[in-house]
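Step one of this worksheet: look at the structure below.
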Amino acid sequence: MGPALQRCMSSLQGYRTILLALTLNTRSTALDSTAPAADTQQPTITLAGKQYAYDSLSEPAKQLVAAIRASEEEMKSIRNQLALMDVGRRALAAQLRLAVENPEAFQRLQNPEASNPLPSGA
C-alpha cells in the first residue's frame, strides 16, 4: 500500500469512527415527505449515546446528517462494485491458471469454433 493510500485510509478511519457514533433511528419513514405524519414516530439520531429529535436539529446539522447518509450510500455502492470486481478478478485468475497449467484447454476455451468444426453439409 502506497503512502498516499495509507494517508487516505487513515483519514477514512477517523471519519468511520464518527459515522459509527452517529446512527439514525428511523423506525418510521417520517423523513419521507410521502409518509403520513399522523401515525409516524418522531425520527431521532443518536450521537455518542445521546438521542436528539431530528426536527430539533439546526439546518447545518440536518445537512450534515444528509451528507452522512449520502456518504453511507456511496460507500455501500462502492462495496458492491468492489464485490463485482473481485468476482471478475477471480475469474481472470482462474483463466490465468488454466492458461499456465493447460494451454491447450485454455486455447479451446478461447476459440470454441476451432475445436468443434461443423460437419460439412450441416
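A note on labels: chains of the C-alpha cells are A, B, ... as shown, every chain counts residues from 1, and ligands are counted from 1 in their shown order.
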List the spatial neighbours of Asp55 (chain A) as number ranges by chain - criterion: any atom at most 9 Å away, only C-alpha atoms, same-chain residues fewer than 6 positions off excluded.
A: 42-44, 62
For the residues in that selection, give me C-alpha atoms as a PDB file, in the first residue's frame.
```
ATOM      1  CA  GLN A  42     -40.599  11.199  15.576  1.00  0.00           C
ATOM      2  CA  PRO A  43     -37.256  10.311  13.941  1.00  0.00           C
ATOM      3  CA  THR A  44     -34.211  10.654  16.148  1.00  0.00           C
ATOM      4  CA  LYS A  62     -29.567  18.368   9.120  1.00  0.00           C
TER       5      LYS A  62
END
```
When DSSP is applied to the backbone of this structure, which of region 35-75 of chain A are assigned alpha helix (DSSP H)? Write them out as a compact mmCIF listing (two decimals) with C-alpha atoms, in the first residue's frame.
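File selection-v3.txt, as written:
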```txt
# COMPACT_ATOMS: atom_id res chain seq x y z
CA GLU A 59 -30.26 23.31 9.27
CA PRO A 60 -26.46 22.84 9.18
CA ALA A 61 -26.82 19.75 11.40
CA LYS A 62 -29.57 18.37 9.12
CA GLN A 63 -27.28 18.98 6.14
CA LEU A 64 -24.53 17.03 7.90
CA VAL A 65 -26.95 14.16 8.55
CA ALA A 66 -27.88 14.19 4.86
CA ALA A 67 -24.19 14.21 3.91
CA ILE A 68 -23.53 11.25 6.21
CA ARG A 69 -26.46 9.35 4.69
CA ALA A 70 -25.19 10.14 1.18
CA SER A 71 -21.68 9.01 2.06
CA GLU A 72 -23.02 5.77 3.57
CA GLU A 73 -24.99 5.09 0.39
CA GLU A 74 -21.92 5.83 -1.74
CA MET A 75 -19.80 3.52 0.43
```
